[in-house]
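The block underneath contains the structure these notes are about, expressed in structure tokens.
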Amino acid sequence: MAYGQGLSGMPKIYALGCDRGEAASCYKLGMLFENGSMGVKRDKSIAKQLYAQACNMGYRDGCKQYRFLNSRGY
């Protein structure tokens with residue numbers, strides 16, 4: 001899934017990395033969406049999707065954050 005539309009700088013780089021299957025990039029982009037930082041509009045639903053991708057690629061912190069957002073109803 002392409003999350004990089006409308007992004008620039010580091011968020012764009014993370015989005016490109018995530019699109020290439022880099023789990024850490026999915027996780028870091030998820031953090032930006034969760035917190036609404038570096039010019040990324042806060043969207044916890046997108047953050048949860050990105051954490052799920054990172055988790056599915058074996059990135060444990062992604063699994064942790066996915067479970068956290070899931071427990072909060074996102």
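To be explicit about the labels: the chains of the structure tokens are called A, B, and onward in the order shown, and within each one the residues are counted from 1, while ligands get numbers from 1 in the order they are shown.
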Residue neighbourhood Gly17 of chain A, 8 Å, only C-alpha atoms, exclusion window fewer than 5 positions, as a ChimeraX atom specification: /A:22,25-26
For segment 61-68 of chain A: contacts at 7 Å, only C-alpha atoms, fewer than 3 positions along chain excluded, given as JSON, numbers by chain: {"A": [27, 48, 51, 52, 54, 55, 71, 72]}
Which of chain A fall in helix (DSSP H, G or I), as a short mmCIF file (atom, residue, chain, number, x, y, z; two decimals) with all heavy atoms, in the first residue's frame:
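Once written, out_12.cif looks like this:
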```cif
data_model
loop_
_atom_site.label_atom_id
_atom_site.label_comp_id
_atom_site.auth_asym_id
_atom_site.auth_seq_id
_atom_site.Cartn_x
_atom_site.Cartn_y
_atom_site.Cartn_z
N GLY A 9 10.47 14.67 2.41
CA GLY A 9 11.53 14.49 3.41
C GLY A 9 11.58 13.07 3.95
O GLY A 9 11.32 12.09 3.24
N MET A 10 11.89 12.96 5.25
CA MET A 10 12.02 11.64 5.88
C MET A 10 10.74 10.82 5.81
O MET A 10 10.80 9.62 5.56
CB MET A 10 12.50 11.77 7.33
CG MET A 10 13.97 12.11 7.47
SD MET A 10 15.08 11.00 6.55
CE MET A 10 14.80 9.45 7.38
N PRO A 11 9.57 11.42 6.03
CA PRO A 11 8.35 10.60 5.90
C PRO A 11 8.24 9.94 4.53
O PRO A 11 7.85 8.77 4.43
CB PRO A 11 7.22 11.61 6.14
CG PRO A 11 7.83 12.64 7.02
CD PRO A 11 9.25 12.76 6.53
N LYS A 12 8.62 10.66 3.48
CA LYS A 12 8.59 10.09 2.12
C LYS A 12 9.58 8.94 1.99
O LYS A 12 9.27 7.89 1.41
CB LYS A 12 8.90 11.20 1.10
CG LYS A 12 8.96 10.74 -0.33
CD LYS A 12 7.59 10.57 -0.91
CE LYS A 12 7.65 10.37 -2.41
NZ LYS A 12 6.31 10.26 -2.97
N ILE A 13 10.76 9.11 2.57
CA ILE A 13 11.78 8.05 2.54
C ILE A 13 11.28 6.81 3.28
O ILE A 13 11.44 5.69 2.81
CB ILE A 13 13.12 8.57 3.10
CG1 ILE A 13 13.71 9.61 2.15
CG2 ILE A 13 14.10 7.42 3.34
CD1 ILE A 13 14.87 10.38 2.70
N TYR A 14 10.66 7.02 4.45
CA TYR A 14 10.10 5.89 5.19
C TYR A 14 9.01 5.19 4.37
O TYR A 14 8.93 3.96 4.35
CB TYR A 14 9.52 6.32 6.53
CG TYR A 14 10.53 6.78 7.55
CD1 TYR A 14 10.20 7.75 8.48
CD2 TYR A 14 11.81 6.24 7.61
CE1 TYR A 14 11.11 8.17 9.44
CE2 TYR A 14 12.73 6.66 8.55
CZ TYR A 14 12.36 7.63 9.47
OH TYR A 14 13.26 8.05 10.42
N ALA A 15 8.18 5.97 3.70
CA ALA A 15 7.10 5.40 2.88
C ALA A 15 7.68 4.56 1.74
O ALA A 15 7.19 3.45 1.47
CB ALA A 15 6.20 6.50 2.33
N LEU A 16 8.70 5.07 1.09
CA LEU A 16 9.34 4.31 0.01
C LEU A 16 9.95 3.02 0.53
O LEU A 16 9.83 1.97 -0.09
CB LEU A 16 10.40 5.17 -0.69
CG LEU A 16 9.87 6.36 -1.49
CD1 LEU A 16 11.03 7.25 -1.95
CD2 LEU A 16 9.03 5.92 -2.66
N GLY A 17 10.61 3.10 1.69
CA GLY A 17 11.19 1.91 2.30
C GLY A 17 10.13 0.89 2.67
O GLY A 17 10.29 -0.31 2.44
N CYS A 18 9.03 1.36 3.22
CA CYS A 18 7.93 0.46 3.59
C CYS A 18 7.37 -0.22 2.35
O CYS A 18 7.13 -1.42 2.36
CB CYS A 18 6.85 1.26 4.32
SG CYS A 18 5.50 0.25 4.96
N ASP A 19 7.20 0.56 1.28
CA ASP A 19 6.70 -0.02 0.02
C ASP A 19 7.64 -1.10 -0.51
O ASP A 19 7.20 -2.01 -1.21
CB ASP A 19 6.52 1.07 -1.04
CG ASP A 19 5.34 1.98 -0.77
OD1 ASP A 19 4.48 1.63 0.07
OD2 ASP A 19 5.29 3.06 -1.37
N ALA A 23 10.67 -3.39 7.11
CA ALA A 23 9.82 -3.36 8.29
C ALA A 23 10.08 -2.14 9.16
O ALA A 23 9.13 -1.51 9.66
CB ALA A 23 10.01 -4.64 9.10
N ALA A 24 11.33 -1.78 9.37
CA ALA A 24 11.65 -0.63 10.22
C ALA A 24 11.07 0.66 9.64
O ALA A 24 10.64 1.54 10.39
CB ALA A 24 13.15 -0.51 10.42
N SER A 25 11.05 0.78 8.33
CA SER A 25 10.48 1.96 7.70
C SER A 25 8.97 2.02 7.92
O SER A 25 8.42 3.10 8.18
CB SER A 25 10.79 1.97 6.20
OG SER A 25 12.16 2.17 5.98
N CYS A 26 8.30 0.88 7.84
CA CYS A 26 6.86 0.84 8.11
C CYS A 26 6.60 1.27 9.55
O CYS A 26 5.68 2.06 9.82
CB CYS A 26 6.31 -0.56 7.88
SG CYS A 26 6.38 -1.15 6.19
N TYR A 27 7.40 0.76 10.46
CA TYR A 27 7.24 1.09 11.87
C TYR A 27 7.46 2.59 12.11
O TYR A 27 6.65 3.25 12.77
CB TYR A 27 8.22 0.27 12.72
CG TYR A 27 8.18 0.64 14.18
CD1 TYR A 27 7.15 0.17 14.99
CD2 TYR A 27 9.15 1.46 14.73
CE1 TYR A 27 7.11 0.52 16.33
CE2 TYR A 27 9.11 1.81 16.07
CZ TYR A 27 8.09 1.34 16.86
OH TYR A 27 8.03 1.68 18.19
N LYS A 28 8.53 3.13 11.56
CA LYS A 28 8.84 4.55 11.77
C LYS A 28 7.78 5.45 11.15
O LYS A 28 7.39 6.47 11.74
CB LYS A 28 10.22 4.88 11.22
CG LYS A 28 11.32 4.26 12.06
CD LYS A 28 12.69 4.47 11.45
CE LYS A 28 13.74 3.75 12.28
NZ LYS A 28 15.07 3.85 11.67
N LEU A 29 7.28 5.08 9.98
CA LEU A 29 6.20 5.85 9.37
C LEU A 29 4.93 5.74 10.22
O LEU A 29 4.21 6.73 10.40
CB LEU A 29 5.95 5.37 7.94
CG LEU A 29 4.95 6.19 7.13
CD1 LEU A 29 5.38 7.65 7.03
CD2 LEU A 29 4.79 5.59 5.74
N GLY A 30 4.69 4.57 10.77
CA GLY A 30 3.56 4.40 11.68
C GLY A 30 3.66 5.33 12.88
O GLY A 30 2.66 5.93 13.30
N MET A 31 4.86 5.48 13.42
CA MET A 31 5.06 6.40 14.54
C MET A 31 4.71 7.83 14.15
O MET A 31 4.09 8.56 14.94
CB MET A 31 6.50 6.32 15.04
CG MET A 31 6.84 5.05 15.76
SD MET A 31 8.58 4.88 16.28
CE MET A 31 9.03 6.49 16.81
N LEU A 32 5.10 8.22 12.94
CA LEU A 32 4.80 9.58 12.49
C LEU A 32 3.29 9.79 12.37
O LEU A 32 2.77 10.83 12.76
CB LEU A 32 5.50 9.87 11.17
CG LEU A 32 7.03 9.85 11.18
CD1 LEU A 32 7.58 10.19 9.81
CD2 LEU A 32 7.58 10.79 12.23
N PHE A 33 2.59 8.80 11.82
CA PHE A 33 1.13 8.91 11.71
C PHE A 33 0.47 8.87 13.09
O PHE A 33 -0.50 9.58 13.33
CB PHE A 33 0.56 7.81 10.81
CG PHE A 33 0.56 8.15 9.35
CD1 PHE A 33 1.52 7.64 8.50
CD2 PHE A 33 -0.41 9.00 8.82
CE1 PHE A 33 1.52 7.96 7.15
CE2 PHE A 33 -0.42 9.32 7.47
CZ PHE A 33 0.55 8.80 6.63
N GLU A 34 0.98 8.05 13.97
CA GLU A 34 0.39 7.96 15.31
C GLU A 34 0.51 9.28 16.07
O GLU A 34 -0.43 9.71 16.74
CB GLU A 34 1.04 6.84 16.12
CG GLU A 34 0.43 6.67 17.48
CD GLU A 34 1.03 5.55 18.30
OE1 GLU A 34 1.99 4.89 17.83
OE2 GLU A 34 0.53 5.32 19.41
N ASN A 35 1.65 9.92 15.94
CA ASN A 35 1.92 11.13 16.72
C ASN A 35 1.65 12.43 15.96
O ASN A 35 1.65 13.49 16.57
CB ASN A 35 3.37 11.12 17.21
CG ASN A 35 3.63 9.95 18.11
OD1 ASN A 35 2.89 9.71 19.05
ND2 ASN A 35 4.66 9.18 17.81
N LYS A 44 -4.38 7.59 13.47
CA LYS A 44 -4.03 6.36 14.19
C LYS A 44 -4.48 5.10 13.46
O LYS A 44 -3.89 4.04 13.65
CB LYS A 44 -4.56 6.43 15.61
CG LYS A 44 -3.84 7.52 16.40
CD LYS A 44 -4.11 7.45 17.86
CE LYS A 44 -3.33 8.57 18.54
NZ LYS A 44 -3.28 8.42 19.97
N SER A 45 -5.48 5.21 12.61
CA SER A 45 -5.90 4.04 11.83
C SER A 45 -4.82 3.65 10.82
O SER A 45 -4.52 2.47 10.64
CB SER A 45 -7.22 4.32 11.11
OG SER A 45 -8.25 4.48 12.05
N ILE A 46 -4.24 4.65 10.17
CA ILE A 46 -3.14 4.38 9.23
C ILE A 46 -1.92 3.87 10.01
O ILE A 46 -1.25 2.94 9.58
CB ILE A 46 -2.79 5.61 8.39
CG1 ILE A 46 -3.93 5.91 7.42
CG2 ILE A 46 -1.48 5.40 7.62
CD1 ILE A 46 -3.75 7.17 6.59
N ALA A 47 -1.66 4.48 11.17
CA ALA A 47 -0.54 4.02 12.00
C ALA A 47 -0.70 2.54 12.32
O ALA A 47 0.26 1.76 12.21
CB ALA A 47 -0.46 4.84 13.29
N LYS A 48 -1.91 2.14 12.69
CA LYS A 48 -2.17 0.73 13.03
C LYS A 48 -1.89 -0.17 11.83
O LYS A 48 -1.30 -1.25 11.98
CB LYS A 48 -3.61 0.57 13.51
CG LYS A 48 -3.97 -0.83 13.91
CD LYS A 48 -5.42 -0.90 14.37
CE LYS A 48 -5.89 -2.32 14.45
NZ LYS A 48 -7.32 -2.40 14.78
N GLN A 49 -2.30 0.26 10.63
CA GLN A 49 -2.04 -0.53 9.42
C GLN A 49 -0.54 -0.68 9.19
O GLN A 49 -0.07 -1.77 8.82
CB GLN A 49 -2.68 0.14 8.21
CG GLN A 49 -4.19 0.13 8.21
CD GLN A 49 -4.77 0.98 7.09
OE1 GLN A 49 -4.11 1.27 6.10
NE2 GLN A 49 -6.01 1.39 7.26
N LEU A 50 0.19 0.39 9.39
CA LEU A 50 1.64 0.35 9.19
C LEU A 50 2.31 -0.54 10.23
O LEU A 50 3.23 -1.30 9.91
CB LEU A 50 2.23 1.76 9.22
CG LEU A 50 1.90 2.59 7.98
CD1 LEU A 50 2.05 4.07 8.25
CD2 LEU A 50 2.78 2.16 6.81
N TYR A 51 1.85 -0.46 11.47
CA TYR A 51 2.40 -1.34 12.51
C TYR A 51 2.10 -2.80 12.19
O TYR A 51 2.95 -3.68 12.41
CB TYR A 51 1.84 -0.98 13.89
CG TYR A 51 2.29 0.35 14.44
CD1 TYR A 51 1.44 1.13 15.19
CD2 TYR A 51 3.58 0.82 14.23
CE1 TYR A 51 1.84 2.34 15.73
CE2 TYR A 51 4.00 2.03 14.75
CZ TYR A 51 3.12 2.78 15.50
OH TYR A 51 3.53 3.99 16.03
N ALA A 52 0.92 -3.07 11.66
CA ALA A 52 0.58 -4.44 11.27
C ALA A 52 1.52 -4.94 10.18
O ALA A 52 1.97 -6.09 10.22
CB ALA A 52 -0.87 -4.51 10.80
N GLN A 53 1.82 -4.08 9.20
CA GLN A 53 2.76 -4.47 8.15
C GLN A 53 4.12 -4.80 8.75
O GLN A 53 4.73 -5.82 8.40
CB GLN A 53 2.93 -3.34 7.13
CG GLN A 53 1.84 -3.25 6.12
CD GLN A 53 2.16 -2.21 5.07
OE1 GLN A 53 1.59 -1.13 5.10
NE2 GLN A 53 3.07 -2.52 4.18
N ALA A 54 4.61 -3.92 9.63
CA ALA A 54 5.91 -4.16 10.27
C ALA A 54 5.88 -5.46 11.06
O ALA A 54 6.83 -6.26 10.99
CB ALA A 54 6.27 -2.98 11.17
N CYS A 55 4.80 -5.70 11.77
CA CYS A 55 4.66 -6.92 12.56
C CYS A 55 4.69 -8.15 11.66
O CYS A 55 5.38 -9.13 11.96
CB CYS A 55 3.35 -6.86 13.35
SG CYS A 55 3.04 -8.31 14.39
N ASN A 56 3.95 -8.09 10.56
CA ASN A 56 3.90 -9.22 9.63
C ASN A 56 5.26 -9.51 9.00
O ASN A 56 5.49 -10.62 8.51
CB ASN A 56 2.86 -8.97 8.54
CG ASN A 56 1.45 -9.03 9.07
OD1 ASN A 56 1.19 -9.67 10.10
ND2 ASN A 56 0.53 -8.37 8.40
N ARG A 60 9.13 -6.79 15.92
CA ARG A 60 8.42 -6.96 17.19
C ARG A 60 7.79 -5.68 17.72
O ARG A 60 6.68 -5.71 18.26
CB ARG A 60 9.35 -7.54 18.26
CG ARG A 60 9.76 -8.95 17.96
CD ARG A 60 10.68 -9.50 19.03
NE ARG A 60 10.47 -10.92 19.09
CZ ARG A 60 10.02 -11.56 20.16
NH1 ARG A 60 9.77 -10.92 21.26
NH2 ARG A 60 9.82 -12.85 20.12
N ASP A 61 8.49 -4.56 17.60
CA ASP A 61 7.91 -3.30 18.08
C ASP A 61 6.65 -2.94 17.31
O ASP A 61 5.73 -2.32 17.86
CB ASP A 61 8.93 -2.16 18.00
CG ASP A 61 10.01 -2.27 19.05
OD1 ASP A 61 9.80 -2.96 20.07
OD2 ASP A 61 11.08 -1.65 18.86
N GLY A 62 6.59 -3.32 16.05
CA GLY A 62 5.37 -3.12 15.27
C GLY A 62 4.21 -3.90 15.85
O GLY A 62 3.09 -3.39 15.94
N CYS A 63 4.49 -5.13 16.27
CA CYS A 63 3.45 -5.96 16.89
C CYS A 63 2.95 -5.32 18.18
O CYS A 63 1.74 -5.26 18.44
CB CYS A 63 3.98 -7.36 17.19
SG CYS A 63 4.58 -8.25 15.75
N LYS A 64 3.89 -4.82 18.96
CA LYS A 64 3.55 -4.20 20.24
C LYS A 64 2.65 -2.97 20.03
O LYS A 64 1.63 -2.82 20.69
CB LYS A 64 4.83 -3.80 20.97
CG LYS A 64 4.64 -3.12 22.27
CD LYS A 64 5.99 -2.76 22.88
CE LYS A 64 5.82 -1.68 23.94
NZ LYS A 64 7.11 -1.17 24.38
N GLN A 65 3.04 -2.11 19.11
CA GLN A 65 2.27 -0.90 18.86
C GLN A 65 0.92 -1.23 18.22
O GLN A 65 -0.07 -0.57 18.50
CB GLN A 65 3.05 0.07 17.99
CG GLN A 65 4.17 0.77 18.72
CD GLN A 65 3.70 1.48 19.97
OE1 GLN A 65 4.01 1.08 21.08
NE2 GLN A 65 2.93 2.53 19.79
N TYR A 66 0.88 -2.24 17.37
CA TYR A 66 -0.38 -2.69 16.78
C TYR A 66 -1.35 -3.11 17.88
O TYR A 66 -2.51 -2.70 17.90
CB TYR A 66 -0.15 -3.84 15.80
CG TYR A 66 -1.44 -4.40 15.27
CD1 TYR A 66 -2.08 -3.81 14.18
CD2 TYR A 66 -2.06 -5.48 15.89
CE1 TYR A 66 -3.29 -4.30 13.71
CE2 TYR A 66 -3.27 -5.97 15.44
CZ TYR A 66 -3.88 -5.37 14.35
OH TYR A 66 -5.08 -5.85 13.90
N ARG A 67 -0.87 -3.94 18.80
CA ARG A 67 -1.72 -4.40 19.90
C ARG A 67 -2.19 -3.23 20.77
O ARG A 67 -3.35 -3.19 21.20
CB ARG A 67 -0.98 -5.44 20.76
CG ARG A 67 -0.86 -6.80 20.09
CD ARG A 67 -0.38 -7.88 21.05
NE ARG A 67 0.91 -7.59 21.63
CZ ARG A 67 2.08 -7.94 21.09
NH1 ARG A 67 2.10 -8.61 19.94
NH2 ARG A 67 3.21 -7.65 21.69
N PHE A 68 -1.29 -2.28 21.02
CA PHE A 68 -1.64 -1.11 21.82
C PHE A 68 -2.78 -0.32 21.17
O PHE A 68 -3.79 -0.02 21.82
CB PHE A 68 -0.42 -0.22 22.02
CG PHE A 68 -0.74 1.06 22.73
CD1 PHE A 68 -0.94 1.09 24.10
CD2 PHE A 68 -0.86 2.25 22.03
CE1 PHE A 68 -1.26 2.27 24.75
CE2 PHE A 68 -1.17 3.44 22.67
CZ PHE A 68 -1.38 3.45 24.04
N LEU A 69 -2.64 0.01 19.88
CA LEU A 69 -3.69 0.77 19.20
C LEU A 69 -4.98 -0.04 19.10
O LEU A 69 -6.07 0.52 19.22
CB LEU A 69 -3.22 1.23 17.83
CG LEU A 69 -2.17 2.33 17.81
CD1 LEU A 69 -1.78 2.69 16.39
CD2 LEU A 69 -2.65 3.57 18.55
N ASN A 70 -4.84 -1.33 18.87
CA ASN A 70 -6.01 -2.21 18.78
C ASN A 70 -6.77 -2.19 20.11
O ASN A 70 -8.01 -2.13 20.12
CB ASN A 70 -5.59 -3.61 18.39
CG ASN A 70 -6.73 -4.41 17.83
OD1 ASN A 70 -7.48 -3.92 17.00
ND2 ASN A 70 -6.85 -5.65 18.28
N SER A 71 -6.04 -2.22 21.21
CA SER A 71 -6.68 -2.22 22.54
C SER A 71 -7.39 -0.89 22.82
O SER A 71 -8.27 -0.83 23.68
CB SER A 71 -5.66 -2.51 23.64
OG SER A 71 -4.82 -1.40 23.86
#
```
Interatomic distance, atom CA of Asp43 of chain A to atom CA of Tyr3 of chain A (Å, one decimal): 11.7 Å
